[in-house]
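One structure is given below, encoded as structure tokens.
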Amino acid sequence: TAAAAAAPSDCKAHELRGKNKTELEGQLKDLKSELSALRVAKVTGGAPNKLSKIKSVRKSVARVLTVYRQSQRSALKAKIDDDATKKKGKVHLPLDMRFKKTRAIRKRLTKEQTNKKTLKASKKAAAFPQRKFALKA
């Protein structure tokens, strides 16, 4: 029974990715109940090995939640991409699905906008092209 109790706490992310939503929710429930039992043991003055296990269980809970969220996001992204093929025109991603980067990067001009010239500048460039100088060798 000791090995069965230890099994849910040390889970690997690549193993979790193979599981479906209900299995992940079940494992999360098991881990949270294990964590609450460990916290009770901590208050009542439990064994040191139980106290040191709290950290690994917390990390496992985080791992399960991360994999769950990633699978949700990838499913949503696939659905959005599928809908985008059916629609014509530009389909915008929800704000939390877009790349965050920094505000300055998001607000800056695109490459096309940066390289664009005004009418006056383009006329000047056409009228007075860059000089070419022949240099002595």
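Chain lettering (A, B, ...) mirrors the order of the structure tokens, residue numbering begins at 1 for each chain separately, and ligand numbering begins at 1 in order of display.
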Run DSSP on the backbone of this structure and report the residues of range 3-128 of chain A it assigns to helix (DSSP H, G or I), as a PDB file with N, CA and C atoms, in the first residue's frame.
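The resulting file, result-v8.pdb, is reproduced below:
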ATOM      1  N   ALA A   3       3.584   1.729  -1.749  1.00  0.00           N
ATOM      2  CA  ALA A   3       3.943   2.022  -3.136  1.00  0.00           C
ATOM      3  C   ALA A   3       2.753   2.612  -3.883  1.00  0.00           C
ATOM      4  N   ALA A   4       1.555   2.142  -3.568  1.00  0.00           N
ATOM      5  CA  ALA A   4       0.350   2.666  -4.221  1.00  0.00           C
ATOM      6  C   ALA A   4       0.095   4.112  -3.813  1.00  0.00           C
ATOM      7  N   ALA A   5       0.409   4.434  -2.563  1.00  0.00           N
ATOM      8  CA  ALA A   5       0.221   5.812  -2.087  1.00  0.00           C
ATOM      9  C   ALA A   5       1.259   6.740  -2.707  1.00  0.00           C
ATOM     10  N   ALA A   6       2.464   6.214  -2.989  1.00  0.00           N
ATOM     11  CA  ALA A   6       3.540   7.036  -3.534  1.00  0.00           C
ATOM     12  C   ALA A   6       3.390   7.247  -5.044  1.00  0.00           C
ATOM     13  N   ALA A  13       5.424  14.540 -16.911  1.00  0.00           N
ATOM     14  CA  ALA A  13       4.564  15.292 -17.832  1.00  0.00           C
ATOM     15  C   ALA A  13       4.290  14.509 -19.108  1.00  0.00           C
ATOM     16  N   HIS A  14       5.302  13.806 -19.628  1.00  0.00           N
ATOM     17  CA  HIS A  14       5.091  13.071 -20.879  1.00  0.00           C
ATOM     18  C   HIS A  14       4.115  11.913 -20.692  1.00  0.00           C
ATOM     19  N   GLU A  15       4.051  11.368 -19.467  1.00  0.00           N
ATOM     20  CA  GLU A  15       3.080  10.313 -19.177  1.00  0.00           C
ATOM     21  C   GLU A  15       1.674  10.904 -19.080  1.00  0.00           C
ATOM     22  N   LEU A  16       1.582  12.106 -18.529  1.00  0.00           N
ATOM     23  CA  LEU A  16       0.284  12.763 -18.360  1.00  0.00           C
ATOM     24  C   LEU A  16      -0.332  13.167 -19.694  1.00  0.00           C
ATOM     25  N   LYS A  21      -9.077  13.803 -20.430  1.00  0.00           N
ATOM     26  CA  LYS A  21      -9.541  14.812 -19.464  1.00  0.00           C
ATOM     27  C   LYS A  21     -10.001  14.180 -18.151  1.00  0.00           C
ATOM     28  N   THR A  22     -10.794  13.125 -18.229  1.00  0.00           N
ATOM     29  CA  THR A  22     -11.341  12.511 -17.007  1.00  0.00           C
ATOM     30  C   THR A  22     -10.239  11.869 -16.159  1.00  0.00           C
ATOM     31  N   GLU A  23      -9.260  11.234 -16.838  1.00  0.00           N
ATOM     32  CA  GLU A  23      -8.141  10.626 -16.106  1.00  0.00           C
ATOM     33  C   GLU A  23      -7.316  11.694 -15.389  1.00  0.00           C
ATOM     34  N   LEU A  24      -7.096  12.826 -16.078  1.00  0.00           N
ATOM     35  CA  LEU A  24      -6.339  13.928 -15.472  1.00  0.00           C
ATOM     36  C   LEU A  24      -7.080  14.500 -14.265  1.00  0.00           C
ATOM     37  N   GLU A  25      -8.397  14.660 -14.410  1.00  0.00           N
ATOM     38  CA  GLU A  25      -9.191  15.188 -13.291  1.00  0.00           C
ATOM     39  C   GLU A  25      -9.177  14.220 -12.111  1.00  0.00           C
ATOM     40  N   GLY A  26      -9.231  12.923 -12.402  1.00  0.00           N
ATOM     41  CA  GLY A  26      -9.169  11.913 -11.346  1.00  0.00           C
ATOM     42  C   GLY A  26      -7.846  11.943 -10.617  1.00  0.00           C
ATOM     43  N   GLN A  27      -6.762  12.049 -11.391  1.00  0.00           N
ATOM     44  CA  GLN A  27      -5.432  12.105 -10.782  1.00  0.00           C
ATOM     45  C   GLN A  27      -5.275  13.375  -9.950  1.00  0.00           C
ATOM     46  N   LEU A  28      -5.816  14.479 -10.432  1.00  0.00           N
ATOM     47  CA  LEU A  28      -5.744  15.739  -9.697  1.00  0.00           C
ATOM     48  C   LEU A  28      -6.474  15.619  -8.367  1.00  0.00           C
ATOM     49  N   LYS A  29      -7.633  14.986  -8.399  1.00  0.00           N
ATOM     50  CA  LYS A  29      -8.412  14.769  -7.172  1.00  0.00           C
ATOM     51  C   LYS A  29      -7.621  13.920  -6.178  1.00  0.00           C
ATOM     52  N   ASP A  30      -6.988  12.837  -6.669  1.00  0.00           N
ATOM     53  CA  ASP A  30      -6.167  11.963  -5.809  1.00  0.00           C
ATOM     54  C   ASP A  30      -5.010  12.732  -5.186  1.00  0.00           C
ATOM     55  N   LEU A  31      -4.334  13.525  -6.029  1.00  0.00           N
ATOM     56  CA  LEU A  31      -3.183  14.291  -5.540  1.00  0.00           C
ATOM     57  C   LEU A  31      -3.603  15.315  -4.490  1.00  0.00           C
ATOM     58  N   LYS A  32      -4.733  15.970  -4.719  1.00  0.00           N
ATOM     59  CA  LYS A  32      -5.182  16.978  -3.757  1.00  0.00           C
ATOM     60  C   LYS A  32      -5.584  16.347  -2.429  1.00  0.00           C
ATOM     61  N   SER A  33      -6.207  15.164  -2.494  1.00  0.00           N
ATOM     62  CA  SER A  33      -6.570  14.477  -1.243  1.00  0.00           C
ATOM     63  C   SER A  33      -5.312  14.020  -0.507  1.00  0.00           C
ATOM     64  N   GLU A  34      -4.310  13.561  -1.287  1.00  0.00           N
ATOM     65  CA  GLU A  34      -3.030  13.158  -0.683  1.00  0.00           C
ATOM     66  C   GLU A  34      -2.351  14.356  -0.024  1.00  0.00           C
ATOM     67  N   LEU A  35      -2.407  15.491  -0.694  1.00  0.00           N
ATOM     68  CA  LEU A  35      -1.802  16.711  -0.164  1.00  0.00           C
ATOM     69  C   LEU A  35      -2.485  17.138   1.129  1.00  0.00           C
ATOM     70  N   SER A  36      -3.810  17.068   1.161  1.00  0.00           N
ATOM     71  CA  SER A  36      -4.514  17.462   2.391  1.00  0.00           C
ATOM     72  C   SER A  36      -4.185  16.499   3.536  1.00  0.00           C
ATOM     73  N   ALA A  37      -4.023  15.208   3.218  1.00  0.00           N
ATOM     74  CA  ALA A  37      -3.646  14.233   4.248  1.00  0.00           C
ATOM     75  C   ALA A  37      -2.244  14.525   4.779  1.00  0.00           C
ATOM     76  N   LEU A  38      -1.351  14.903   3.879  1.00  0.00           N
ATOM     77  CA  LEU A  38       0.026  15.232   4.285  1.00  0.00           C
ATOM     78  C   LEU A  38       0.049  16.497   5.154  1.00  0.00           C
ATOM     79  N   ARG A  39      -0.820  17.451   4.820  1.00  0.00           N
ATOM     80  CA  ARG A  39      -0.868  18.687   5.618  1.00  0.00           C
ATOM     81  C   ARG A  39      -1.421  18.419   7.015  1.00  0.00           C
ATOM     82  N   VAL A  40      -2.368  17.500   7.104  1.00  0.00           N
ATOM     83  CA  VAL A  40      -2.888  17.101   8.417  1.00  0.00           C
ATOM     84  C   VAL A  40      -1.778  16.440   9.224  1.00  0.00           C
ATOM     85  N   ALA A  41      -0.998  15.570   8.540  1.00  0.00           N
ATOM     86  CA  ALA A  41       0.123  14.897   9.199  1.00  0.00           C
ATOM     87  C   ALA A  41       1.155  15.911   9.684  1.00  0.00           C
ATOM     88  N   LYS A  42       1.329  16.969   8.925  1.00  0.00           N
ATOM     89  CA  LYS A  42       2.291  18.017   9.303  1.00  0.00           C
ATOM     90  C   LYS A  42       1.850  18.707  10.593  1.00  0.00           C
ATOM     91  N   VAL A  43       0.542  19.018  10.673  1.00  0.00           N
ATOM     92  CA  VAL A  43       0.008  19.700  11.855  1.00  0.00           C
ATOM     93  C   VAL A  43       0.075  18.800  13.086  1.00  0.00           C
ATOM     94  N   PRO A  48       9.018  12.710   9.314  1.00  0.00           N
ATOM     95  CA  PRO A  48       9.732  13.652   8.437  1.00  0.00           C
ATOM     96  C   PRO A  48       9.611  13.312   6.949  1.00  0.00           C
ATOM     97  N   ASN A  49       9.481  11.999   6.640  1.00  0.00           N
ATOM     98  CA  ASN A  49       9.379  11.644   5.221  1.00  0.00           C
ATOM     99  C   ASN A  49       8.056  12.130   4.618  1.00  0.00           C
ATOM    100  N   LYS A  50       7.017  12.240   5.453  1.00  0.00           N
ATOM    101  CA  LYS A  50       5.741  12.773   4.971  1.00  0.00           C
ATOM    102  C   LYS A  50       5.846  14.275   4.739  1.00  0.00           C
ATOM    103  N   LEU A  51       6.580  14.950   5.609  1.00  0.00           N
ATOM    104  CA  LEU A  51       6.734  16.404   5.472  1.00  0.00           C
ATOM    105  C   LEU A  51       7.518  16.744   4.200  1.00  0.00           C
ATOM    106  N   SER A  52       8.527  15.932   3.899  1.00  0.00           N
ATOM    107  CA  SER A  52       9.334  16.202   2.706  1.00  0.00           C
ATOM    108  C   SER A  52       8.570  15.856   1.430  1.00  0.00           C
ATOM    109  N   LYS A  53       7.525  15.035   1.555  1.00  0.00           N
ATOM    110  CA  LYS A  53       6.745  14.621   0.386  1.00  0.00           C
ATOM    111  C   LYS A  53       5.778  15.705  -0.075  1.00  0.00           C
ATOM    112  N   ILE A  54       5.462  16.648   0.806  1.00  0.00           N
ATOM    113  CA  ILE A  54       4.509  17.723   0.472  1.00  0.00           C
ATOM    114  C   ILE A  54       4.957  18.478  -0.779  1.00  0.00           C
ATOM    115  N   LYS A  55       6.243  18.780  -0.864  1.00  0.00           N
ATOM    116  CA  LYS A  55       6.770  19.533  -2.006  1.00  0.00           C
ATOM    117  C   LYS A  55       6.550  18.769  -3.316  1.00  0.00           C
ATOM    118  N   SER A  56       6.876  17.477  -3.331  1.00  0.00           N
ATOM    119  CA  SER A  56       6.739  16.699  -4.564  1.00  0.00           C
ATOM    120  C   SER A  56       5.274  16.576  -4.985  1.00  0.00           C
ATOM    121  N   VAL A  57       4.373  16.470  -4.014  1.00  0.00           N
ATOM    122  CA  VAL A  57       2.938  16.379  -4.339  1.00  0.00           C
ATOM    123  C   VAL A  57       2.452  17.704  -4.916  1.00  0.00           C
ATOM    124  N   ARG A  58       2.893  18.809  -4.342  1.00  0.00           N
ATOM    125  CA  ARG A  58       2.514  20.128  -4.857  1.00  0.00           C
ATOM    126  C   ARG A  58       2.990  20.305  -6.302  1.00  0.00           C
ATOM    127  N   LYS A  59       4.222  19.876  -6.558  1.00  0.00           N
ATOM    128  CA  LYS A  59       4.775  19.977  -7.914  1.00  0.00           C
ATOM    129  C   LYS A  59       3.986  19.094  -8.885  1.00  0.00           C
ATOM    130  N   SER A  60       3.566  17.930  -8.418  1.00  0.00           N
ATOM    131  CA  SER A  60       2.783  17.025  -9.262  1.00  0.00           C
ATOM    132  C   SER A  60       1.418  17.616  -9.588  1.00  0.00           C
ATOM    133  N   VAL A  61       0.807  18.283  -8.605  1.00  0.00           N
ATOM    134  CA  VAL A  61      -0.478  18.963  -8.836  1.00  0.00           C
ATOM    135  C   VAL A  61      -0.286  20.024  -9.922  1.00  0.00           C
ATOM    136  N   ALA A  62       0.786  20.775  -9.814  1.00  0.00           N
ATOM    137  CA  ALA A  62       1.080  21.820 -10.801  1.00  0.00           C
ATOM    138  C   ALA A  62       1.288  21.201 -12.183  1.00  0.00           C
ATOM    139  N   ARG A  63       1.995  20.062 -12.239  1.00  0.00           N
ATOM    140  CA  ARG A  63       2.254  19.368 -13.492  1.00  0.00           C
ATOM    141  C   ARG A  63       0.944  18.926 -14.154  1.00  0.00           C
ATOM    142  N   VAL A  64       0.060  18.342 -13.359  1.00  0.00           N
ATOM    143  CA  VAL A  64      -1.228  17.875 -13.889  1.00  0.00           C
ATOM    144  C   VAL A  64      -2.037  19.052 -14.412  1.00  0.00           C
ATOM    145  N   LEU A  65      -2.087  20.140 -13.647  1.00  0.00           N
ATOM    146  CA  LEU A  65      -2.838  21.318 -14.081  1.00  0.00           C
ATOM    147  C   LEU A  65      -2.252  21.919 -15.359  1.00  0.00           C
ATOM    148  N   THR A  66      -0.926  21.916 -15.456  1.00  0.00           N
ATOM    149  CA  THR A  66      -0.255  22.459 -16.641  1.00  0.00           C
ATOM    150  C   THR A  66      -0.599  21.639 -17.877  1.00  0.00           C
ATOM    151  N   VAL A  67      -0.499  20.319 -17.758  1.00  0.00           N
ATOM    152  CA  VAL A  67      -0.806  19.444 -18.896  1.00  0.00           C
ATOM    153  C   VAL A  67      -2.278  19.585 -19.284  1.00  0.00           C
ATOM    154  N   TYR A  68      -3.147  19.685 -18.290  1.00  0.00           N
ATOM    155  CA  TYR A  68      -4.591  19.850 -18.531  1.00  0.00           C
ATOM    156  C   TYR A  68      -4.846  21.133 -19.316  1.00  0.00           C
ATOM    157  N   ARG A  69      -4.216  22.210 -18.879  1.00  0.00           N
ATOM    158  CA  ARG A  69      -4.390  23.519 -19.536  1.00  0.00           C
ATOM    159  C   ARG A  69      -3.831  23.484 -20.960  1.00  0.00           C
ATOM    160  N   GLN A  70      -2.658  22.857 -21.137  1.00  0.00           N
ATOM    161  CA  GLN A  70      -2.048  22.770 -22.461  1.00  0.00           C
ATOM    162  C   GLN A  70      -2.931  21.993 -23.426  1.00  0.00           C
ATOM    163  N   SER A  71      -3.522  20.901 -22.937  1.00  0.00           N
ATOM    164  CA  SER A  71      -4.388  20.097 -23.808  1.00  0.00           C
ATOM    165  C   SER A  71      -5.645  20.874 -24.177  1.00  0.00           C
ATOM    166  N   GLN A  72      -6.179  21.639 -23.220  1.00  0.00           N
ATOM    167  CA  GLN A  72      -7.350  22.476 -23.500  1.00  0.00           C
ATOM    168  C   GLN A  72      -7.030  23.517 -24.571  1.00  0.00           C
ATOM    169  N   ARG A  73      -5.875  24.162 -24.399  1.00  0.00           N
ATOM    170  CA  ARG A  73      -5.470  25.215 -25.341  1.00  0.00           C
ATOM    171  C   ARG A  73      -5.233  24.654 -26.735  1.00  0.00           C
ATOM    172  N   SER A  74      -4.574  23.497 -26.819  1.00  0.00           N
ATOM    173  CA  SER A  74      -4.298  22.919 -28.135  1.00  0.00           C
ATOM    174  C   SER A  74      -5.594  22.496 -28.827  1.00  0.00           C
ATOM    175  N   ALA A  75      -6.567  21.985 -28.047  1.00  0.00           N
ATOM    176  CA  ALA A  75      -7.856  21.618 -28.622  1.00  0.00           C
ATOM    177  C   ALA A  75      -8.592  22.859 -29.129  1.00  0.00           C
ATOM    178  N   LEU A  76      -8.530  23.943 -28.354  1.00  0.00           N
ATOM    179  CA  LEU A  76      -9.174  25.192 -28.755  1.00  0.00           C
ATOM    180  C   LEU A  76      -8.517  25.765 -30.009  1.00  0.00           C
ATOM    181  N   LYS A  77      -7.184  25.713 -30.055  1.00  0.00           N
ATOM    182  CA  LYS A  77      -6.445  26.224 -31.208  1.00  0.00           C
ATOM    183  C   LYS A  77      -6.810  25.429 -32.461  1.00  0.00           C
ATOM    184  N   ALA A  78      -6.923  24.105 -32.308  1.00  0.00           N
ATOM    185  CA  ALA A  78      -7.303  23.262 -33.446  1.00  0.00           C
ATOM    186  C   ALA A  78      -8.703  23.617 -33.940  1.00  0.00           C
ATOM    187  N   LYS A  79      -9.611  23.879 -33.007  1.00  0.00           N
ATOM    188  CA  LYS A  79     -10.983  24.246 -33.369  1.00  0.00           C
ATOM    189  C   LYS A  79     -11.008  25.596 -34.086  1.00  0.00           C
ATOM    190  N   ILE A  80     -10.237  26.548 -33.587  1.00  0.00           N
ATOM    191  CA  ILE A  80     -10.177  27.878 -34.208  1.00  0.00           C
ATOM    192  C   ILE A  80      -9.597  27.777 -35.620  1.00  0.00           C
ATOM    193  N   ASP A  81      -8.524  26.978 -35.772  1.00  0.00           N
ATOM    194  CA  ASP A  81      -7.918  26.787 -37.097  1.00  0.00           C
ATOM    195  C   ASP A  81      -8.898  26.121 -38.057  1.00  0.00           C
ATOM    196  N   ASP A  82      -9.663  25.171 -37.538  1.00  0.00           N
ATOM    197  CA  ASP A  82     -10.661  24.482 -38.357  1.00  0.00           C
ATOM    198  C   ASP A  82     -11.747  25.458 -38.813  1.00  0.00           C
ATOM    199  N   ASP A  83     -12.191  26.323 -37.895  1.00  0.00           N
ATOM    200  CA  ASP A  83     -13.204  27.328 -38.233  1.00  0.00           C
ATOM    201  C   ASP A  83     -12.660  28.354 -39.221  1.00  0.00           C
ATOM    202  N   ALA A  84     -11.355  28.660 -39.105  1.00  0.00           N
ATOM    203  CA  ALA A  84     -10.733  29.659 -39.973  1.00  0.00           C
ATOM    204  C   ALA A  84     -10.706  29.189 -41.425  1.00  0.00           C
ATOM    205  N   THR A  85     -10.569  27.875 -41.621  1.00  0.00           N
ATOM    206  CA  THR A  85     -10.546  27.364 -42.997  1.00  0.00           C
ATOM    207  C   THR A  85     -11.920  27.487 -43.654  1.00  0.00           C
ATOM    208  N   LYS A  86     -12.970  27.447 -42.837  1.00  0.00           N
ATOM    209  CA  LYS A  86     -14.337  27.549 -43.368  1.00  0.00           C
ATOM    210  C   LYS A  86     -14.715  28.991 -43.702  1.00  0.00           C
ATOM    211  N   LEU A  95      -7.600  36.868 -27.061  1.00  0.00           N
ATOM    212  CA  LEU A  95      -6.435  37.579 -26.520  1.00  0.00           C
ATOM    213  C   LEU A  95      -5.483  36.667 -25.763  1.00  0.00           C
ATOM    214  N   ASP A  96      -6.007  35.709 -24.988  1.00  0.00           N
ATOM    215  CA  ASP A  96      -5.114  34.853 -24.216  1.00  0.00           C
ATOM    216  C   ASP A  96      -4.395  33.812 -25.067  1.00  0.00           C
ATOM    217  N   MET A  97      -4.818  33.650 -26.334  1.00  0.00           N
ATOM    218  CA  MET A  97      -4.165  32.698 -27.226  1.00  0.00           C
ATOM    219  C   MET A  97      -3.074  33.360 -28.079  1.00  0.00           C
ATOM    220  N   ARG A 103       4.435  45.022 -24.736  1.00  0.00           N
ATOM    221  CA  ARG A 103       3.481  45.980 -25.292  1.00  0.00           C
ATOM    222  C   ARG A 103       4.120  46.763 -26.437  1.00  0.00           C
ATOM    223  N   ALA A 104       5.388  47.155 -26.245  1.00  0.00           N
ATOM    224  CA  ALA A 104       6.105  47.930 -27.258  1.00  0.00           C
ATOM    225  C   ALA A 104       6.213  47.145 -28.570  1.00  0.00           C
ATOM    226  N   ILE A 105       6.521  45.857 -28.466  1.00  0.00           N
ATOM    227  CA  ILE A 105       6.646  45.024 -29.671  1.00  0.00           C
ATOM    228  C   ILE A 105       5.283  44.884 -30.349  1.00  0.00           C
ATOM    229  N   ARG A 106       4.234  44.691 -29.563  1.00  0.00           N
ATOM    230  CA  ARG A 106       2.898  44.526 -30.140  1.00  0.00           C
ATOM    231  C   ARG A 106       2.417  45.791 -30.838  1.00  0.00           C
ATOM    232  N   LYS A 107       2.794  46.962 -30.291  1.00  0.00           N
ATOM    233  CA  LYS A 107       2.289  48.229 -30.831  1.00  0.00           C
ATOM    234  C   LYS A 107       3.134  48.792 -31.968  1.00  0.00           C
ATOM    235  N   LYS A 111       6.882  45.581 -40.596  1.00  0.00           N
ATOM    236  CA  LYS A 111       8.010  45.808 -41.511  1.00  0.00           C
ATOM    237  C   LYS A 111       7.543  46.590 -42.739  1.00  0.00           C
ATOM    238  N   GLU A 112       6.379  46.226 -43.239  1.00  0.00           N
ATOM    239  CA  GLU A 112       5.832  46.891 -44.418  1.00  0.00           C
ATOM    240  C   GLU A 112       5.577  48.370 -44.142  1.00  0.00           C
ATOM    241  N   GLN A 113       5.003  48.661 -42.982  1.00  0.00           N
ATOM    242  CA  GLN A 113       4.712  50.046 -42.615  1.00  0.00           C
ATOM    243  C   GLN A 113       5.997  50.840 -42.410  1.00  0.00           C
ATOM    244  N   THR A 114       7.011  50.200 -41.826  1.00  0.00           N
ATOM    245  CA  THR A 114       8.283  50.877 -41.564  1.00  0.00           C
ATOM    246  C   THR A 114       8.989  51.250 -42.865  1.00  0.00           C
ATOM    247  N   ASN A 115       8.958  50.342 -43.844  1.00  0.00           N
ATOM    248  CA  ASN A 115       9.680  50.573 -45.096  1.00  0.00           C
ATOM    249  C   ASN A 115       8.919  51.444 -46.093  1.00  0.00           C
ATOM    250  N   LEU A 119       4.832  59.953 -50.578  1.00  0.00           N
ATOM    251  CA  LEU A 119       4.849  60.265 -52.008  1.00  0.00           C
ATOM    252  C   LEU A 119       6.022  61.189 -52.335  1.00  0.00           C
ATOM    253  N   LYS A 120       6.219  62.185 -51.476  1.00  0.00           N
ATOM    254  CA  LYS A 120       7.302  63.154 -51.696  1.00  0.00           C
ATOM    255  C   LYS A 120       8.671  62.480 -51.646  1.00  0.00           C
ATOM    256  N   ALA A 121       8.856  61.596 -50.666  1.00  0.00           N
ATOM    257  CA  ALA A 121      10.141  60.906 -50.522  1.00  0.00           C
ATOM    258  C   ALA A 121      10.414  59.979 -51.702  1.00  0.00           C
ATOM    259  N   SER A 122       9.361  59.319 -52.183  1.00  0.00           N
ATOM    260  CA  SER A 122       9.554  58.410 -53.321  1.00  0.00           C
ATOM    261  C   SER A 122       9.879  59.185 -54.604  1.00  0.00           C
ATOM    262  N   LYS A 123       9.248  60.363 -54.784  1.00  0.00           N
ATOM    263  CA  LYS A 123       9.558  61.213 -55.948  1.00  0.00           C
ATOM    264  C   LYS A 123      10.995  61.715 -55.888  1.00  0.00           C
ATOM    265  N   LYS A 124      11.424  62.103 -54.691  1.00  0.00           N
ATOM    266  CA  LYS A 124      12.793  62.602 -54.502  1.00  0.00           C
ATOM    267  C   LYS A 124      13.809  61.511 -54.797  1.00  0.00           C
ATOM    268  N   ALA A 125      13.512  60.298 -54.324  1.00  0.00           N
ATOM    269  CA  ALA A 125      14.417  59.169 -54.547  1.00  0.00           C
ATOM    270  C   ALA A 125      14.520  58.847 -56.037  1.00  0.00           C
ATOM    271  N   ALA A 126      13.408  58.988 -56.766  1.00  0.00           N
ATOM    272  CA  ALA A 126      13.410  58.720 -58.208  1.00  0.00           C
ATOM    273  C   ALA A 126      14.170  59.811 -58.957  1.00  0.00           C
ATOM    274  N   ALA A 127      13.997  61.075 -58.544  1.00  0.00           N
ATOM    275  CA  ALA A 127      14.633  62.201 -59.218  1.00  0.00           C
ATOM    276  C   ALA A 127      16.129  62.281 -58.922  1.00  0.00           C
TER     277      ALA A 127
END
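We find CA of Arg17 in chain A and CA of His92 in chain A to be spaced 27.6 Å apart.
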Which distance in Å separates CA of Pro129 in chain A and CA of Lys117 in chain A, to one decimal?
14.7 Å
